[in-house]
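S.K.: Can you read through this structure? Questions will come right after.
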Amino acid sequence: MRILVIEDDATVADYVVSGLAESGHTVDHAADGREGLMMATTETYDAIVADRMLPGIDGLTIVRTLRASENLTPILVLSALGEVDDRVKGLKAGADDYLAKPFAFSELLARLEALRRRGQHEAVQVTRLQVADLEMDLLSRSAIRAGQAIDLQPREFRLLEYLMRHAGQVVTRTMLLEAVWDYHFDPQTNVIDVHISRLRAKIDKGFEQPLLHTVRGAGYRLGSL
Amino acid sequence: MNALRLLKTSTFQLAAVYMGLFAVSALVMLAFVYWSTIGYMSSQTDSTIEAEIKGLADTYRRGGLQSLAGLVNERMANDPDRTMLYLFATNEYKPLGGNLPAWPEAVPTGDGWVNFTLGEDGAASTARGKVFGVRGNLRLLVAMDIAALQATESLLLKAYVWGMALALVLALLGGVLMSASVTRRIETINQTSREIMSGRLHRRMPLRGTNDEFDQLASNLNAMLEQIDLLVESVRNVADGVAHDLRTPLTRLRSKLERLAIAPGLNPNVRRELDHCIDEADGLLQTFSALLRIARIESGRHEASMVDVDLLELAGDACELYQANAEDQGVGLRCEGTPVTLRADRDLLFQALINLIDNALKYGGQGEVTLEVGSDAQGDFLSVRDRGPGLAEEDRVRVTGRFFRAAESAKVAGSGLGLSLVQAVAGMHGARLELENAHPGLRVSLRFPKTPAPV
């Protein structure tokens, strides 16, 4: 992935840039808003990570300017303010995702992967999802694995749907809470883990190859590998 | 204000004591005026009689009985109103002449004065006189009708009694009015204090601008509140600053550990230790986030996004989210009630509810956890009830303090910030956080005001 990082704080920029590079991405860095906006308009990126507070032009203005010029590059806004109200403002301006500082690098990486995927899929209306021998029909709201029907509760169906839409990617607990439960909050306990283990019992139990994997320190990944 | 409460106020009691003192001193003063007025008036009468007797005696000495009788007759003729009374009588009190029909039956006192009743029928009045022995077998009674004096006496007495009664009534009325006005102003201060204690820390005592002692008290209280605010604020700022400044390096530490842990060819034991370290760092980060979030909400820096929230739906979602956890613990989790819609910050309210459910599952032991939504006379409520051992009375007040953990909870993991956050969220919504023993178990309720407080 080719990613543009617009961040004025040298420490954070270094942390993000080196992390992304290590994960195999090509990274450009802009240290202020003006330079960032210029790079974003002149080059083509798969995703942009923009800090909200920047010298020159702030992050939200960059987002608005790009969207106004019909540049649909997925943008993830970073903010030190880090609360729900800022998140809402960021998304309203046209950003695709929002992450509060400080963040775990795995969270940023997982969200960027998800953004790229969303950019690719958005145009096509999908009615069927498939990961290995697991299939999901979004119209009849049913799932089968290797020909066996899997009985899912409505919430489990949404959980599996999200995981299948992001198959092969790491999905963090926060991403699941936001997407499947539609609440932005800090779970006090392993509440997501319990739901995942129930889902795992339904889709993996009795099958030789497990599909739902736990990624230590990050989240989960659905896939045959 | 009810009358009994007014009577119990110290202002009224002070007014009553003042009224008592005032009554006693007025009584003493009026008694003095009364006695001296009456004394003066009766001594006037006495000296008039004495002077008359002296004049008559002189006449008698100079001109004998004849001129005495002549003078007395002249006096009586000149005095048709009978201001002065005369009666000549024998030693046996047989009347010989004068403007009195008979010798009075009253016995003279030792000093020769006699008080007697004048007239028979309804028009009786009192007279006072002295006997003047003319010669061996004849005596003259010289007296004055003192009805006027007595009338004045009773008039004065009546005036004093009524005046006294009126003064007492006025004093009582004044006392009530004074204490009512003082009580009203003190009540204003009390009311504001209660509001401040209930969490509206930014309320201040109202000033009238008269700069009287109540205004001074109020402005001193306000200054004190400002001072306290400042101190609390600075303590909070230090705590928040620490949390804020530690969060970033801790996140970097976590990421480094994370990168180490996924490095290929790592000894499994080392990897396990690294994973533990990451978990610890996550716990710390979560605590810092919670602390900062509470600070943000409490200081009003959180821009609430108020929307219409159905509490029952919210509770249902929370229930569903925690159902699996509860089942794993062998605890039932149920949600009941009637739909209640109010303006609220959906995510924060959900967070608060999650914290309550989390607490109920952690400390509620076995048995059922019930979420209840509804509205009663006091307004809308959302409560979480467990069937556990409840909470000691002294802990119930402290439990919302930051980092508070009940003594028995030491073995359960937790940061001690859950209820602090709930409290902050409640405060933001103008709601009250209530903890009560439900016998068995603890019931924690968020009680929303009938008309939502402006945020």
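Every chain in the structure tokens takes a letter, A first, then B, and so on in the order presented; its residues are numbered from 1, and the ligands are numbered from 1 following the presented order.
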Considering only C-alpha atoms, give me a table of residues in chain B that are at most 7 Å from chain A, with the closest atom pair and distance in Å for each, as JSON lines.

M.R.:
```
{"residue": "B:Arg247", "atom": "CA", "partner": "A:Pro102", "partner_atom": "CA", "distance": 6.6}
{"residue": "B:Thr248", "atom": "CA", "partner": "A:Pro102", "partner_atom": "CA", "distance": 5.4}
{"residue": "B:Thr251", "atom": "CA", "partner": "A:Pro102", "partner_atom": "CA", "distance": 6.1}
{"residue": "B:Ser255", "atom": "CA", "partner": "A:Phe105", "partner_atom": "CA", "distance": 5.9}
{"residue": "B:Glu258", "atom": "CA", "partner": "A:Gly217", "partner_atom": "CA", "distance": 6.7}
{"residue": "B:Ile278", "atom": "CA", "partner": "A:Gly217", "partner_atom": "CA", "distance": 6.7}
{"residue": "B:Glu303", "atom": "CA", "partner": "A:Asp85", "partner_atom": "CA", "distance": 5.8}
{"residue": "B:Ala304", "atom": "CA", "partner": "A:Asp85", "partner_atom": "CA", "distance": 6.8}
{"residue": "B:Ser305", "atom": "CA", "partner": "A:Asp85", "partner_atom": "CA", "distance": 6.7}
{"residue": "B:Tyr322", "atom": "CA", "partner": "A:Val191", "partner_atom": "CA", "distance": 6.5}
{"residue": "B:Ala324", "atom": "CA", "partner": "A:Val194", "partner_atom": "CA", "distance": 6.4}
{"residue": "B:Asn325", "atom": "CA", "partner": "A:Val194", "partner_atom": "CA", "distance": 6.3}
{"residue": "B:Asp347", "atom": "CA", "partner": "A:His184", "partner_atom": "CA", "distance": 5.7}
{"residue": "B:Gln351", "atom": "CA", "partner": "A:Phe185", "partner_atom": "CA", "distance": 5.6}
{"residue": "B:Asn355", "atom": "CA", "partner": "A:Gln188", "partner_atom": "CA", "distance": 6.9}
{"residue": "B:Asp358", "atom": "CA", "partner": "A:Gln188", "partner_atom": "CA", "distance": 6.9}
```

S.K.: Could you save the residues just selected, with C-alpha atoms, as a compact mmCIF listing (two decimals), in the first residue's frame?

M.R.:
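The resulting again-v1.txt:
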```txt
# COMPACT_ATOMS: atom_id res chain seq x y z
CA ARG B 247 -0.16 7.58 28.04
CA THR B 248 2.00 8.37 25.02
CA THR B 251 1.65 3.37 24.07
CA SER B 255 4.00 -1.10 20.44
CA GLU B 258 4.12 -5.94 20.33
CA ILE B 278 1.32 -6.25 26.62
CA GLU B 303 -19.01 18.06 23.81
CA ALA B 304 -21.99 15.89 24.42
CA SER B 305 -23.82 14.72 21.36
CA TYR B 322 -23.03 -9.22 28.19
CA ALA B 324 -22.56 -14.57 26.93
CA ASN B 325 -20.25 -13.32 29.69
CA ASP B 347 -22.27 6.24 23.83
CA GLN B 351 -20.51 3.08 28.72
CA ASN B 355 -19.67 -0.32 33.86
CA ASP B 358 -19.59 -5.20 34.78
```

S.K.: Do a neighbour search on Pro101 of chain B at 12 Å with only C-alpha atoms, toss out local chain neighbours closer than 3 positions, and write the hits as a PDB file with C-alpha atoms, in the first residue's frame.

M.R.:
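Everything below was put into result33.pdb:
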```pdb
ATOM      1  CA  LEU B  85     -67.562  68.087 100.861  1.00  0.00           C
ATOM      2  CA  TYR B  86     -68.242  69.377 104.382  1.00  0.00           C
ATOM      3  CA  LEU B  87     -70.182  67.881 107.308  1.00  0.00           C
ATOM      4  CA  PHE B  88     -70.517  69.122 110.842  1.00  0.00           C
ATOM      5  CA  ALA B  89     -71.422  66.406 113.352  1.00  0.00           C
ATOM      6  CA  TYR B  93     -71.593  61.358 114.510  1.00  0.00           C
ATOM      7  CA  LYS B  94     -75.029  62.882 114.356  1.00  0.00           C
ATOM      8  CA  PRO B  95     -75.013  65.185 111.309  1.00  0.00           C
ATOM      9  CA  LEU B  96     -75.624  68.830 112.079  1.00  0.00           C
ATOM     10  CA  GLY B  97     -75.096  70.502 108.728  1.00  0.00           C
ATOM     11  CA  GLY B  98     -73.157  70.392 105.467  1.00  0.00           C
ATOM     12  CA  PRO B 104     -69.733  58.008 106.568  1.00  0.00           C
ATOM     13  CA  LEU B 118     -70.551  58.581  98.362  1.00  0.00           C
ATOM     14  CA  GLY B 119     -74.173  58.268  97.334  1.00  0.00           C
ATOM     15  CA  GLU B 120     -76.224  55.074  97.463  1.00  0.00           C
TER      16      GLU B 120
END
```

S.K.: What does the distance between atom CA of Glu50 of chain B and atom CA of Gly112 of chain B come to in Å, to one decimal place?

M.R.: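 These atoms are spaced 11.2 Å apart.
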
S.K.: Write out as a VMD selection string the residues lying within 8 Å of Ala243 of chain B, counting only C-alpha atoms and excluding same-chain residues fewer than 2 positions away.

M.R.: chain B and resid 239 to 241 245 to 247 288 to 289 291 to 292

S.K.: Can you work out the spacing between atom CA of Ile196 of chain B and atom CA of Arg432 of chain B in Å, to one decimal?

M.R.: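 Separating atom CA of Ile196 of chain B from atom CA of Arg432 of chain B is a distance of 13.2 Å.
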
S.K.: Looking only at the backbone, which of the residues in segment 76-176 of chain A does DSSP tag as strand (DSSP E or B), as a ChimeraX atom specification?

M.R.: /A:76-79,97-100,128-131,134-137,142-145,148-150,170-172

S.K.: Would you compute the distance between atom CA of Ala223 of chain B and atom CA of Glu187 of chain B? Give it in Å to one decimal.

M.R.: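 For atom CA of Ala223 of chain B relative to atom CA of Glu187 of chain B, the distance reads 19.2 Å.
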
S.K.: Rank nothing, just name the residue among A:Met164, A:Val170, A:Ala31, A:Leu176 nearest to Ala50 of chain A, using only C-alpha atoms.

M.R.: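 So, comparing all the options, the nearest one is A:Ala31.
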
S.K.: Residues of segment 16-218 of chain A classed as helix (DSSP H, G or I) by DSSP on the backbone are to be reported as a PyMOL selection string.

M.R.: chain A and resi 16-22+33-42+59-68+84-92+105-121+154-165+173-181+191-203

S.K.: What does the file look like for those residues with C-alpha atoms, as a PDB file, in the first residue's frame?

M.R.:
```pdb
ATOM      1  CA  VAL A  16       4.012   5.599  12.327  1.00  0.00           C
ATOM      2  CA  VAL A  17       6.305   5.857   9.301  1.00  0.00           C
ATOM      3  CA  SER A  18       8.817   3.253  10.479  1.00  0.00           C
ATOM      4  CA  GLY A  19       6.030   0.937  11.643  1.00  0.00           C
ATOM      5  CA  LEU A  20       4.236   1.103   8.297  1.00  0.00           C
ATOM      6  CA  ALA A  21       7.497   0.637   6.402  1.00  0.00           C
ATOM      7  CA  GLU A  22       8.298  -2.429   8.485  1.00  0.00           C
ATOM      8  CA  GLY A  33      -0.759  20.705   6.434  1.00  0.00           C
ATOM      9  CA  ARG A  34       0.140  22.724   3.353  1.00  0.00           C
ATOM     10  CA  GLU A  35       2.777  20.251   2.213  1.00  0.00           C
ATOM     11  CA  GLY A  36       0.471  17.359   3.036  1.00  0.00           C
ATOM     12  CA  LEU A  37      -2.404  18.773   1.015  1.00  0.00           C
ATOM     13  CA  MET A  38      -0.112  19.368  -1.921  1.00  0.00           C
ATOM     14  CA  MET A  39       1.238  15.831  -1.853  1.00  0.00           C
ATOM     15  CA  ALA A  40      -2.269  14.400  -1.441  1.00  0.00           C
ATOM     16  CA  THR A  41      -3.533  16.264  -4.518  1.00  0.00           C
ATOM     17  CA  THR A  42      -0.553  15.659  -6.770  1.00  0.00           C
ATOM     18  CA  GLY A  59      -6.405  17.856   9.209  1.00  0.00           C
ATOM     19  CA  LEU A  60     -10.147  18.374   8.837  1.00  0.00           C
ATOM     20  CA  THR A  61      -9.594  21.118   6.248  1.00  0.00           C
ATOM     21  CA  ILE A  62      -7.386  18.748   4.252  1.00  0.00           C
ATOM     22  CA  VAL A  63     -10.158  16.147   4.348  1.00  0.00           C
ATOM     23  CA  ARG A  64     -12.788  18.683   3.241  1.00  0.00           C
ATOM     24  CA  THR A  65     -10.585  20.040   0.469  1.00  0.00           C
ATOM     25  CA  LEU A  66      -9.836  16.576  -0.917  1.00  0.00           C
ATOM     26  CA  ARG A  67     -13.476  15.553  -0.781  1.00  0.00           C
ATOM     27  CA  ALA A  68     -14.525  18.801  -2.445  1.00  0.00           C
ATOM     28  CA  VAL A  84     -16.317  10.624  20.641  1.00  0.00           C
ATOM     29  CA  ASP A  85     -17.300  14.195  19.804  1.00  0.00           C
ATOM     30  CA  ASP A  86     -14.074  14.672  17.820  1.00  0.00           C
ATOM     31  CA  ARG A  87     -14.698  11.421  16.088  1.00  0.00           C
ATOM     32  CA  VAL A  88     -18.094  12.622  14.926  1.00  0.00           C
ATOM     33  CA  LYS A  89     -16.590  15.868  13.610  1.00  0.00           C
ATOM     34  CA  GLY A  90     -13.885  13.987  11.769  1.00  0.00           C
ATOM     35  CA  LEU A  91     -16.333  11.645  10.077  1.00  0.00           C
ATOM     36  CA  LYS A  92     -18.671  14.503   9.215  1.00  0.00           C
ATOM     37  CA  PHE A 105       0.230   0.499  16.149  1.00  0.00           C
ATOM     38  CA  SER A 106      -1.646  -2.706  15.421  1.00  0.00           C
ATOM     39  CA  GLU A 107      -4.899  -0.746  15.698  1.00  0.00           C
ATOM     40  CA  LEU A 108      -3.736   1.797  13.103  1.00  0.00           C
ATOM     41  CA  LEU A 109      -2.510  -0.939  10.799  1.00  0.00           C
ATOM     42  CA  ALA A 110      -5.710  -2.945  11.067  1.00  0.00           C
ATOM     43  CA  ARG A 111      -7.818   0.149  10.357  1.00  0.00           C
ATOM     44  CA  LEU A 112      -5.727   1.124   7.331  1.00  0.00           C
ATOM     45  CA  GLU A 113      -6.074  -2.382   5.896  1.00  0.00           C
ATOM     46  CA  ALA A 114      -9.814  -2.202   6.454  1.00  0.00           C
ATOM     47  CA  LEU A 115      -9.978   1.191   4.715  1.00  0.00           C
ATOM     48  CA  ARG A 116      -8.228  -0.070   1.642  1.00  0.00           C
ATOM     49  CA  ARG A 117     -10.565  -3.024   1.484  1.00  0.00           C
ATOM     50  CA  ARG A 118     -13.597  -0.789   1.857  1.00  0.00           C
ATOM     51  CA  GLY A 119     -12.374   1.407  -0.978  1.00  0.00           C
ATOM     52  CA  GLN A 120     -12.171  -1.615  -3.258  1.00  0.00           C
ATOM     53  CA  HIS A 121     -15.523  -3.120  -2.342  1.00  0.00           C
ATOM     54  CA  PRO A 154     -28.655 -11.944  14.492  1.00  0.00           C
ATOM     55  CA  ARG A 155     -25.691 -10.359  16.276  1.00  0.00           C
ATOM     56  CA  GLU A 156     -23.466 -13.343  15.488  1.00  0.00           C
ATOM     57  CA  PHE A 157     -24.478 -13.032  11.871  1.00  0.00           C
ATOM     58  CA  ARG A 158     -23.372  -9.394  11.794  1.00  0.00           C
ATOM     59  CA  LEU A 159     -20.150 -10.308  13.558  1.00  0.00           C
ATOM     60  CA  LEU A 160     -19.350 -13.038  11.054  1.00  0.00           C
ATOM     61  CA  GLU A 161     -20.370 -10.808   8.150  1.00  0.00           C
ATOM     62  CA  TYR A 162     -17.925  -8.121   9.284  1.00  0.00           C
ATOM     63  CA  LEU A 163     -15.148 -10.668   9.734  1.00  0.00           C
ATOM     64  CA  MET A 164     -15.828 -12.156   6.298  1.00  0.00           C
ATOM     65  CA  ARG A 165     -15.883  -8.754   4.640  1.00  0.00           C
ATOM     66  CA  ARG A 173     -11.898  -5.446  19.206  1.00  0.00           C
ATOM     67  CA  THR A 174     -12.657  -1.734  18.957  1.00  0.00           C
ATOM     68  CA  MET A 175     -13.411  -2.092  15.246  1.00  0.00           C
ATOM     69  CA  LEU A 176     -15.821  -4.919  16.016  1.00  0.00           C
ATOM     70  CA  LEU A 177     -17.579  -2.949  18.751  1.00  0.00           C
ATOM     71  CA  GLU A 178     -17.995   0.036  16.482  1.00  0.00           C
ATOM     72  CA  ALA A 179     -19.114  -1.933  13.444  1.00  0.00           C
ATOM     73  CA  VAL A 180     -21.198  -4.715  14.959  1.00  0.00           C
ATOM     74  CA  TRP A 181     -22.591  -3.110  18.089  1.00  0.00           C
ATOM     75  CA  VAL A 191     -16.752  -9.164  26.361  1.00  0.00           C
ATOM     76  CA  ILE A 192     -15.812  -9.371  22.672  1.00  0.00           C
ATOM     77  CA  ASP A 193     -13.629 -12.414  23.264  1.00  0.00           C
ATOM     78  CA  VAL A 194     -16.598 -14.287  24.666  1.00  0.00           C
ATOM     79  CA  HIS A 195     -18.711 -13.510  21.610  1.00  0.00           C
ATOM     80  CA  ILE A 196     -15.847 -14.533  19.340  1.00  0.00           C
ATOM     81  CA  SER A 197     -15.356 -17.819  21.141  1.00  0.00           C
ATOM     82  CA  ARG A 198     -19.078 -18.575  20.770  1.00  0.00           C
ATOM     83  CA  LEU A 199     -18.876 -17.795  17.077  1.00  0.00           C
ATOM     84  CA  ARG A 200     -15.754 -19.883  16.790  1.00  0.00           C
ATOM     85  CA  ALA A 201     -17.552 -22.819  18.374  1.00  0.00           C
ATOM     86  CA  LYS A 202     -20.227 -22.536  15.702  1.00  0.00           C
ATOM     87  CA  ILE A 203     -18.044 -22.146  12.624  1.00  0.00           C
TER      88      ILE A 203
END
```

S.K.: Which residue, A:Asp97, A:Glu135, A:Asp8, A:Asp46, has the smallest gap to His29 of chain A when you use only C-alpha atoms?

M.R.: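 With only C-alpha atoms as the atom set, the closest residue is A:Asp8.
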